[in-house]
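A.B. asks: Sharing upload10.csv here; it has CSV, C-alpha atoms and all ligand atoms.
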```
chain,number,residue,atom,x,y,z
U,1476,MET,CA,-172.1,41.0,-70.0
U,1477,ILE,CA,-169.6,43.7,-69.2
U,1478,THR,CA,-166.5,43.5,-71.4
U,1479,THR,CA,-164.8,46.9,-70.9
U,1480,ALA,CA,-163.8,49.3,-68.2
U,1481,ILE,CA,-162.3,52.7,-68.3
U,1482,THR,CA,-160.3,54.0,-65.3
U,1483,ARG,CA,-158.0,56.9,-64.6
U,1484,THR,CA,-154.8,56.7,-62.5
U,1485,PRO,CA,-155.2,59.1,-59.5
U,1486,SER,CA,-153.1,62.3,-59.8
U,1487,ALA,CA,-150.5,63.4,-57.3
U,1488,GLU,CA,-152.9,66.2,-56.5
U,1489,LEU,CA,-155.7,63.9,-55.3
U,1490,SER,CA,-155.7,65.3,-51.7
U,1491,ARG,CA,-157.0,68.6,-53.2
U,1492,GLY,CA,-160.2,66.9,-54.3
U,1493,LEU,CA,-163.6,67.5,-52.7
U,1494,THR,CA,-164.4,65.6,-49.5
U,1495,THR,CA,-166.7,65.7,-46.5
U,1496,ALA,CA,-165.3,62.5,-45.0
U,1497,ASN,CA,-163.1,63.9,-42.2
U,1498,LEU,CA,-160.8,60.9,-42.4
U,1499,GLY,CA,-157.6,62.8,-43.1
U,1500,PRO,CA,-155.7,63.3,-46.4
U,1501,PRO,CA,-155.1,60.3,-48.7
U,1502,GLU,CA,-151.6,58.9,-49.1
U,1503,TYR,CA,-150.7,59.1,-52.7
U,1504,GLY,CA,-148.5,55.9,-52.8
U,1505,LYS,CA,-151.2,53.9,-51.1
U,1506,ALA,CA,-153.9,55.3,-53.4
U,1507,LEU,CA,-151.9,54.3,-56.4
U,1508,SER,CA,-151.5,50.8,-55.1
U,1509,GLN,CA,-155.2,50.5,-54.2
U,1510,HIS,CA,-156.1,51.7,-57.7
U,1511,GLY,CA,-153.7,49.3,-59.2
U,1512,GLN,CA,-155.2,46.4,-57.3
U,1513,TYR,CA,-158.7,47.4,-58.5
U,1514,VAL,CA,-157.5,47.5,-62.1
U,1515,GLU,CA,-155.8,44.1,-61.8
U,1516,LEU,CA,-158.9,42.6,-60.4
U,1517,LEU,CA,-161.1,43.8,-63.3
U,1518,ILE,CA,-158.5,42.4,-65.7
U,1519,ARG,CA,-158.6,39.0,-63.8
U,1520,LEU,CA,-162.4,39.1,-64.2
U,1521,GLY,CA,-161.9,39.2,-68.0
U,1522,LEU,CA,-162.5,42.9,-68.7
U,1523,LYS,CA,-160.4,44.9,-71.1
U,1524,VAL,CA,-159.4,47.9,-69.0
U,1525,GLU,CA,-158.4,51.2,-70.5
U,1526,VAL,CA,-156.3,53.1,-67.9
U,1527,LEU,CA,-156.2,56.8,-68.6
U,1528,ALA,CA,-153.3,59.0,-67.6
U,1529,PRO,CA,-153.7,61.2,-64.5
U,1530,ALA,CA,-155.3,64.6,-65.1
U,1531,GLU,CA,-153.3,66.8,-62.8
U,1532,GLU,CA,-155.6,69.8,-63.2
U,1533,PHE,CA,-158.6,67.7,-61.9
U,1534,PRO,CA,-157.9,66.1,-58.5
U,1535,ASP,CA,-161.1,64.1,-58.5
U,1536,ALA,CA,-160.7,62.9,-62.1
U,1537,HIS,CA,-160.0,59.3,-61.1
U,1538,PHE,CA,-163.6,59.1,-60.0
U,1539,VAL,CA,-164.5,58.6,-63.6
U,1540,GLU,CA,-168.0,57.2,-63.0
U,1541,ASP,CA,-169.3,60.7,-62.5
U,1542,THR,CA,-168.4,61.9,-65.9
U,1543,ALA,CA,-170.5,59.6,-68.1
U,1544,VAL,CA,-173.1,56.8,-68.2
U,1545,VAL,CA,-172.6,54.3,-71.0
U,1546,PHE,CA,-175.4,52.4,-72.6
U,1547,PRO,CA,-175.3,49.9,-75.5
U,1548,GLU,CA,-176.8,52.6,-77.7
U,1549,LEU,CA,-174.8,55.7,-76.6
U,1550,ALA,CA,-172.5,57.3,-74.1
U,1551,LEU,CA,-174.2,60.1,-72.1
U,1552,ILE,CA,-171.6,62.6,-71.0
U,1553,THR,CA,-172.6,64.3,-67.8
U,1554,ARG,CA,-172.4,67.8,-66.5
U,1555,PRO,CA,-171.1,67.2,-63.0
U,1556,GLY,CA,-172.7,69.1,-60.2
U,1557,ALA,CA,-169.5,70.2,-58.7
U,1558,PRO,CA,-168.0,73.2,-60.7
U,1559,SER,CA,-164.5,72.0,-60.0
U,1560,ARG,CA,-165.3,68.7,-61.8
U,1561,GLN,CA,-167.1,70.0,-64.9
U,1562,GLY,CA,-164.0,70.0,-67.1
U,1563,GLU,CA,-163.6,66.2,-66.5
U,1564,ALA,CA,-166.5,65.5,-68.7
U,1565,GLU,CA,-164.9,66.8,-71.8
U,1566,LEU,CA,-161.8,64.7,-71.2
U,1567,MET,CA,-164.1,61.6,-71.0
U,1568,ALA,CA,-166.1,62.6,-74.1
U,1569,ALA,CA,-163.0,62.3,-76.2
U,1570,VAL,CA,-162.3,58.9,-74.9
U,1571,LEU,CA,-165.8,57.5,-75.2
U,1572,ALA,CA,-166.1,58.7,-78.8
U,1573,ASN,CA,-163.9,55.7,-79.6
U,1574,TYR,CA,-166.6,53.4,-78.2
U,1575,ARG,CA,-170.1,54.9,-78.7
U,1576,LYS,CA,-172.1,57.8,-80.2
U,1577,VAL,CA,-171.7,60.5,-77.6
U,1578,VAL,CA,-174.5,62.8,-76.3
U,1579,HIS,CA,-174.3,65.5,-73.6
U,1580,ILE,CA,-176.2,66.8,-70.6
U,1581,ASP,CA,-176.2,70.5,-71.1
U,1582,LEU,CA,-176.7,73.7,-69.1
U,1583,PRO,CA,-178.6,74.3,-66.9
U,1584,GLY,CA,-178.8,70.7,-65.9
U,1585,THR,CA,-176.3,68.9,-63.7
U,1586,LEU,CA,-175.9,65.1,-63.4
U,1587,ASP,CA,-173.2,62.9,-61.8
U,1588,GLY,CA,-172.8,59.3,-63.0
U,1589,GLY,CA,-172.7,58.3,-59.3
U,1590,ASP,CA,-176.4,59.1,-59.2
U,1591,VAL,CA,-177.4,56.8,-62.0
U,1592,LEU,CA,-178.2,53.2,-61.2
U,1593,THR,CA,-179.0,51.1,-64.3
U,1594,ILE,CA,-180.6,47.7,-63.8
U,1595,GLY,CA,-181.6,46.3,-67.2
U,1596,ARG,CA,-184.0,48.8,-68.8
U,1597,ASN,CA,-184.6,50.6,-65.5
U,1598,VAL,CA,-182.6,53.7,-64.9
U,1599,PHE,CA,-182.9,55.1,-61.4
U,1600,VAL,CA,-181.5,58.6,-61.0
U,1601,GLY,CA,-180.8,60.2,-57.5
U,1602,LEU,CA,-181.7,63.8,-57.0
U,1603,THR,CA,-178.9,65.1,-54.8
U,1604,ASP,CA,-176.6,68.1,-54.3
U,1605,ARG,CA,-174.9,67.0,-57.6
U,1606,THR,CA,-177.8,65.9,-59.8
U,1607,ASP,CA,-180.8,68.2,-60.3
U,1608,ARG,CA,-184.3,67.8,-61.9
U,1609,ALA,CA,-183.2,69.5,-65.1
U,1610,GLY,CA,-180.3,67.0,-65.5
U,1611,PHE,CA,-182.8,64.1,-64.9
U,1612,ASN,CA,-185.2,65.5,-67.4
U,1613,GLN,CA,-182.5,65.7,-70.1
U,1614,LEU,CA,-181.5,62.1,-69.4
U,1615,SER,CA,-185.0,60.9,-69.5
U,1616,LYS,CA,-185.7,62.7,-72.8
U,1617,ILE,CA,-182.7,60.9,-74.3
U,1618,LEU,CA,-183.3,57.5,-72.9
U,1619,THR,CA,-187.1,57.1,-72.8
U,1620,PRO,CA,-187.4,56.9,-76.7
U,1621,LEU,CA,-184.8,54.1,-76.5
U,1622,ASN,CA,-187.2,52.1,-74.2
U,1623,TYR,CA,-185.6,52.8,-70.9
U,1624,ASN,CA,-187.8,53.4,-67.9
U,1625,CYS,CA,-186.3,56.5,-66.1
U,1626,GLN,CA,-187.2,57.3,-62.5
U,1627,ALA,CA,-186.0,60.1,-60.3
U,1628,ILE,CA,-185.4,59.2,-56.6
U,1629,PRO,CA,-185.0,62.0,-54.1
U,1630,VAL,CA,-181.9,61.2,-51.9
U,1631,SER,CA,-181.2,63.1,-48.7
U,1632,ALA,CA,-178.2,61.1,-47.3
U,1633,GLY,CA,-174.8,60.4,-48.8
U,1634,LEU,CA,-173.1,62.0,-51.7
U,1635,HIS,CA,-174.8,60.0,-54.5
U,1636,LEU,CA,-177.6,57.5,-55.1
U,1637,LYS,CA,-175.0,54.8,-55.4
U,1638,SER,CA,-173.6,55.7,-52.0
U,1639,SER,CA,-176.8,54.1,-50.7
U,1640,VAL,CA,-178.0,51.5,-53.2
U,1641,ASN,CA,-176.4,49.2,-55.8
U,1642,TYR,CA,-177.4,46.2,-57.8
U,1643,ILE,CA,-175.7,42.9,-56.8
U,1644,GLY,CA,-177.1,40.4,-59.2
U,1645,ASN,CA,-179.9,37.8,-58.9
U,1646,ASP,CA,-182.6,40.5,-59.0
U,1647,THR,CA,-181.2,41.8,-55.7
U,1648,ILE,CA,-180.2,45.2,-54.5
U,1649,LEU,CA,-178.0,46.2,-51.6
U,1650,VAL,CA,-179.6,49.2,-49.9
U,1651,THR,CA,-179.5,51.4,-46.8
U,1652,SER,CA,-182.4,51.2,-44.4
U,1653,GLU,CA,-183.3,54.8,-45.3
U,1654,LEU,CA,-183.8,54.0,-49.0
U,1655,ALA,CA,-185.1,50.4,-48.7
U,1656,GLY,CA,-188.7,51.4,-48.4
U,1657,ASN,CA,-188.8,53.4,-51.7
U,1658,ARG,CA,-191.4,51.9,-54.0
U,1659,ALA,CA,-188.9,52.2,-56.9
U,1660,TRP,CA,-187.3,48.9,-55.8
U,1661,GLU,CA,-190.4,47.0,-54.8
U,1662,ALA,CA,-189.7,44.4,-57.6
U,1663,TYR,CA,-186.3,43.5,-56.3
U,1664,HIS,CA,-185.0,41.4,-53.4
U,1665,LYS,CA,-183.2,43.5,-50.9
U,1666,ILE,CA,-180.2,43.1,-48.6
U,1667,ILE,CA,-180.3,45.9,-46.1
U,1668,ILE,CA,-177.0,47.5,-45.0
U,1669,ASP,CA,-176.2,47.5,-41.3
U,1670,PRO,CA,-176.3,51.2,-40.2
U,1671,GLN,CA,-172.7,50.9,-39.0
U,1672,GLU,CA,-171.5,49.8,-42.5
U,1673,GLN,CA,-173.2,52.4,-44.7
U,1674,TYR,CA,-170.1,52.8,-46.8
U,1675,ALA,CA,-170.3,49.2,-48.0
U,1676,ALA,CA,-173.5,50.0,-49.8
U,1677,ASN,CA,-171.1,51.0,-52.6
U,1678,THR,CA,-170.5,47.4,-53.6
U,1679,LEU,CA,-169.8,46.7,-57.3
U,1680,TRP,CA,-171.3,43.9,-59.4
U,1681,VAL,CA,-169.2,42.8,-62.3
U,1682,ASN,CA,-170.6,39.9,-64.3
U,1683,ASP,CA,-171.8,38.1,-61.2
U,1684,ASN,CA,-168.7,38.8,-59.2
U,1685,LEU,CA,-169.1,41.2,-56.2
U,1686,LEU,CA,-166.4,43.7,-55.3
U,1687,VAL,CA,-166.8,44.8,-51.7
U,1688,PRO,CA,-164.7,47.3,-49.7
U,1689,ALA,CA,-162.6,45.6,-47.1
U,1690,GLY,CA,-163.4,46.1,-43.5
U,1691,PHE,CA,-167.2,45.6,-43.5
U,1692,PRO,CA,-167.7,42.1,-42.2
U,1693,ARG,CA,-171.4,42.2,-41.6
U,1694,THR,CA,-172.1,43.3,-45.2
U,1695,THR,CA,-169.6,40.8,-46.6
U,1696,ALA,CA,-171.3,38.0,-44.7
U,1697,LYS,CA,-174.7,39.0,-46.0
U,1698,ILE,CA,-173.5,39.2,-49.5
U,1699,LYS,CA,-171.9,35.8,-49.4
U,1700,THR,CA,-175.3,34.3,-48.9
U,1701,LEU,CA,-176.0,35.0,-52.6
U,1702,GLY,CA,-173.4,32.4,-53.5
U,1703,LEU,CA,-171.5,34.6,-55.9
U,1704,PRO,CA,-167.7,35.1,-55.8
U,1705,VAL,CA,-166.9,38.0,-53.4
U,1706,HIS,CA,-163.7,40.0,-53.7
U,1707,GLU,CA,-162.7,42.3,-50.9
U,1708,LEU,CA,-160.6,45.4,-51.9
U,1709,GLU,CA,-158.8,47.9,-49.7
U,1710,ILE,CA,-160.1,51.2,-50.8
U,1711,THR,CA,-159.4,53.4,-47.7
U,1712,GLU,CA,-157.6,56.2,-49.7
U,1713,MET,CA,-160.7,56.6,-51.9
U,1714,GLN,CA,-163.0,56.6,-48.9
U,1715,LYS,CA,-161.1,59.6,-47.5
U,1716,MET,CA,-162.2,61.5,-50.6
U,1717,ASP,CA,-165.9,60.3,-50.5
U,1718,GLY,CA,-165.2,57.8,-53.3
U,1719,GLY,CA,-165.7,54.1,-53.5
U,1720,LEU,CA,-165.6,51.1,-55.8
U,1721,THR,CA,-168.2,52.0,-58.3
U,1722,CYS,CA,-166.8,55.5,-58.9
U,1723,LEU,CA,-163.4,54.3,-60.0
U,1724,SER,CA,-164.6,52.9,-63.4
U,1725,LEU,CA,-167.0,53.2,-66.2
U,1726,ARG,CA,-168.1,49.7,-67.2
U,1727,PHE,CA,-169.9,48.5,-70.3
U,1801,LIG,C1,-166.4,64.2,-55.3
U,1801,LIG,O1,-166.8,64.8,-54.2
U,1801,LIG,O2,-166.9,64.5,-56.3
U,1801,LIG,C2,-165.3,63.2,-55.2
U,1801,LIG,N1,-164.4,63.6,-54.2
U,1801,LIG,C3,-165.8,61.8,-54.9
U,1801,LIG,C4,-166.7,61.3,-56.0
U,1801,LIG,C5,-167.2,59.9,-55.8
U,1801,LIG,N2,-168.0,59.5,-56.9
U,1801,LIG,C6,-168.8,58.5,-56.9
U,1801,LIG,O3,-169.1,57.9,-55.8
U,1801,LIG,N3,-169.4,58.1,-58.0
```
Once more with this new file: its structure as C-alpha cells, please.

C.D. replies:
Amino acid sequence: MITTAITRTPSAELSRGLTTANLGPPEYGKALSQHGQYVELLIRLGLKVEVLAPAEEFPDAHFVEDTAVVFPELALITRPGAPSRQGEAELMAAVLANYRKVVHIDLPGTLDGGDVLTIGRNVFVGLTDRTDRAGFNQLSKILTPLNYNCQAIPVSAGLHLKSSVNYIGNDTILVTSELAGNRAWEAYHKIIIDPQEQYAANTLWVNDNLLVPAGFPRTTAKIKTLGLPVHELEITEMQKMDGGLTCLSLRF
C-alpha cells in the first residue's frame, strides 16, 4: 500500500532541462497547472503528498523519480547519469532522511530511478544511457541481501526502462512490443502498447488506480479492460521534456 508521495514543483527554468522530444518548449503556467492536477489526484487517492519547492538551479528537478528509489527498508539515493542532474540527488537525500535510512550509489556508477521497476521483491533495472552496469551492480549488492531479486535489462529505445514498461496491477505489465518478449517478464500478464502510443507505456499504478496520460485512446481502452479505476491526466508540458507520470513523484 502506497501512503506517501514526494513531488517537486517545476522551476521557472524548466525549458532549460534536457530533452530529445522536439515538441517545442514547455509553457511554464501550463506545466504548473498540470503538476498541480497531478498532486491533487494523488491526494484524492489518499496519499500524503510532500511538495518540495522548485530548485531553480536544476531545471529537471521536478522529475524527482530519477533521484532515488525508496524501499520499505531504505532509500537508495541515485547518481543520475546526466551530469547536469547529479546535484539533484543530494537535495533528495536530505528529504528522504526524514523517512528512511539513506544509502547511496557512488562513483563510478550511474543510475536513474526511471530505470528501476520494482514489482514486489523483483527489481528490474534498465541499462540505458543513464544507468550503467556499475550502477546496477551497486544496487544489486545493496538489495540482494535484503531478499530482492535484481535483474539488469538492456534497453535500446526510449530514455528509461519505465518509458517502455510499467506494472499496472493484477500481475500485469504494460509494455512496448520491443521489450515484451524479454524473459524477465515471462511470469506476468502483458498488455502490449500500440506502436503509435509508445508514450503511454509510462502509466502509473497507485494502489490499484491507474493514471494514464491523456490523448492515448487505444491504450486507455486496453487498460480499462482490467476493471480498475482509470484517471487520464494532461501531461503535455512534461512530455515536451521527455518526462511522464511516473517521473513526477517518488511513491512509497
Ligand atoms: C531528463 O532528460 O533527465 C529529463 N528531462 C526527463 C526525465 C524523465 N524521467 C523519468 O522518466 N523518470

A.B. asks: Select, from U:Ala1557, U:Ile1666, U:Val1600, U:Leu1522, the residue with the minimum atom-to-atom distance to ligand LIG 1801 (chain U), counting all atoms listed in the file.

C.D. replies: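 Smallest separation from ligand LIG 1801 (chain U) among the options: U:Ala1557.
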
A.B. asks: Just the number, please: distance in Å from CA of Val1545 in chain U to CA of Phe1727 in chain U, one decimal.

C.D. replies: 6.4 Å

A.B. asks: Go through U:Val1514, U:Tyr1663, U:Ile1552, U:Val1687 and flag the residue nearest Thr1479 in chain U, using only C-alpha atoms for the distances.

C.D. replies: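 Ranked by minimum distance to Thr1479 in chain U, first place goes to U:Val1514.
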
A.B. asks: Which one is closest to Gln1509 in chain U: U:Pro1485, U:Asn1612, U:Ala1496, U:Lys1697? Count all atoms listed in the file.

C.D. replies: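 Closest residue, counting all atoms listed in the file: U:Pro1485.
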
A.B. asks: With all atoms listed in the file as the basis for distance, which of U:Ile1481, U:Ala1506, U:Val1539, U:Leu1549 is at the shortest distance from ligand LIG 1801 (chain U)?

C.D. replies: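 Of U:Ile1481, U:Ala1506, U:Val1539, U:Leu1549, the one nearest ligand LIG 1801 (chain U) is U:Val1539, counting all atoms listed in the file.
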
A.B. asks: U:Pro1692, U:Gly1610, U:Pro1704, U:Pro1500: which is nearest ligand LIG 1801 (chain U), counting only C-alpha atoms and all ligand atoms?

C.D. replies: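 Going through U:Pro1692, U:Gly1610, U:Pro1704, U:Pro1500 one by one, the smallest distance to ligand LIG 1801 (chain U) is for U:Pro1500.
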
A.B. asks: Choose the residue, out of U:Ser1508, U:Thr1721, U:Gln1561, U:Asn1573, that has the smallest atom-to-atom separation from Val1640 in chain U; count all atoms listed in the file.

C.D. replies: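 Using all atoms listed in the file, Val1640 in chain U sits closest to U:Thr1721.
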
A.B. asks: Mind listing the residues within 7 Å of ligand LIG 1801 (chain U), only C-alpha atoms and all ligand atoms counted, as an mmCIF file with C-alpha atoms, in the coordinates of the input?

C.D. replies:
```
data_model
loop_
_atom_site.group_PDB
_atom_site.id
_atom_site.type_symbol
_atom_site.label_atom_id
_atom_site.label_comp_id
_atom_site.auth_asym_id
_atom_site.auth_seq_id
_atom_site.Cartn_x
_atom_site.Cartn_y
_atom_site.Cartn_z
ATOM 1 C CA GLY U 1492 -160.200 66.900 -54.300
ATOM 2 C CA LEU U 1493 -163.600 67.500 -52.700
ATOM 3 C CA THR U 1494 -164.400 65.600 -49.500
ATOM 4 C CA ASP U 1535 -161.100 64.100 -58.500
ATOM 5 C CA PHE U 1538 -163.600 59.100 -60.000
ATOM 6 C CA GLU U 1540 -168.000 57.200 -63.000
ATOM 7 C CA ASP U 1541 -169.300 60.700 -62.500
ATOM 8 C CA ALA U 1557 -169.500 70.200 -58.700
ATOM 9 C CA GLY U 1588 -172.800 59.300 -63.000
ATOM 10 C CA GLY U 1589 -172.700 58.300 -59.300
ATOM 11 C CA HIS U 1635 -174.800 60.000 -54.500
ATOM 12 C CA LYS U 1637 -175.000 54.800 -55.400
ATOM 13 C CA SER U 1638 -173.600 55.700 -52.000
ATOM 14 C CA MET U 1716 -162.200 61.500 -50.600
ATOM 15 C CA ASP U 1717 -165.900 60.300 -50.500
ATOM 16 C CA GLY U 1718 -165.200 57.800 -53.300
ATOM 17 C CA GLY U 1719 -165.700 54.100 -53.500
ATOM 18 C CA THR U 1721 -168.200 52.000 -58.300
ATOM 19 C CA CYS U 1722 -166.800 55.500 -58.900
#
```

A.B. asks: What's the separation between CA of His1537 in chain U and CA of Arg1596 in chain U, in Å to one decimal place?

C.D. replies: 27.3 Å

A.B. asks: Please indicate the distance in Å from CA of Ile1710 in chain U to CA of Ala1627 in chain U, rounded to one decimal place.

C.D. replies: 29.0 Å

A.B. asks: List as a short mmCIF file (atom, residue, chain, number, x, y, z; two decimals) with C-alpha atoms, in the frame of the given file the protein and nucleic acid residues near Glu1515 in chain U, meaning an atom at most 12 Å away when only C-alpha atoms are counted, but skip any in the same chain fewer than 4 places from it.

C.D. replies:
```cif
data_model
loop_
_atom_site.label_atom_id
_atom_site.label_comp_id
_atom_site.auth_asym_id
_atom_site.auth_seq_id
_atom_site.Cartn_x
_atom_site.Cartn_y
_atom_site.Cartn_z
CA ALA U 1480 -163.80 49.30 -68.20
CA THR U 1482 -160.30 54.00 -65.30
CA SER U 1508 -151.50 50.80 -55.10
CA GLN U 1509 -155.20 50.50 -54.20
CA HIS U 1510 -156.10 51.70 -57.70
CA GLY U 1511 -153.70 49.30 -59.20
CA ARG U 1519 -158.60 39.00 -63.80
CA LEU U 1520 -162.40 39.10 -64.20
CA GLY U 1521 -161.90 39.20 -68.00
CA LEU U 1522 -162.50 42.90 -68.70
CA LYS U 1523 -160.40 44.90 -71.10
CA VAL U 1524 -159.40 47.90 -69.00
CA GLU U 1525 -158.40 51.20 -70.50
CA VAL U 1526 -156.30 53.10 -67.90
CA LEU U 1708 -160.60 45.40 -51.90
#
```

A.B. asks: For Val1650 in chain U, please output as a tab-separated table (two decimals) with C-alpha atoms, in the frame of the given file all residues within 7 Å (counting only C-alpha atoms; exclusion window: fewer than 3 positions along the same chain).

C.D. replies:
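This is the output file around_5.tsv:
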```
chain	number	residue	atom	x	y	z
U	1639	SER	CA	-176.80	54.10	-50.70
U	1640	VAL	CA	-178.00	51.50	-53.20
U	1641	ASN	CA	-176.40	49.20	-55.80
U	1654	LEU	CA	-183.80	54.00	-49.00
U	1655	ALA	CA	-185.10	50.40	-48.70
U	1665	LYS	CA	-183.20	43.50	-50.90
U	1666	ILE	CA	-180.20	43.10	-48.60
U	1667	ILE	CA	-180.30	45.90	-46.10
U	1668	ILE	CA	-177.00	47.50	-45.00
U	1676	ALA	CA	-173.50	50.00	-49.80
```
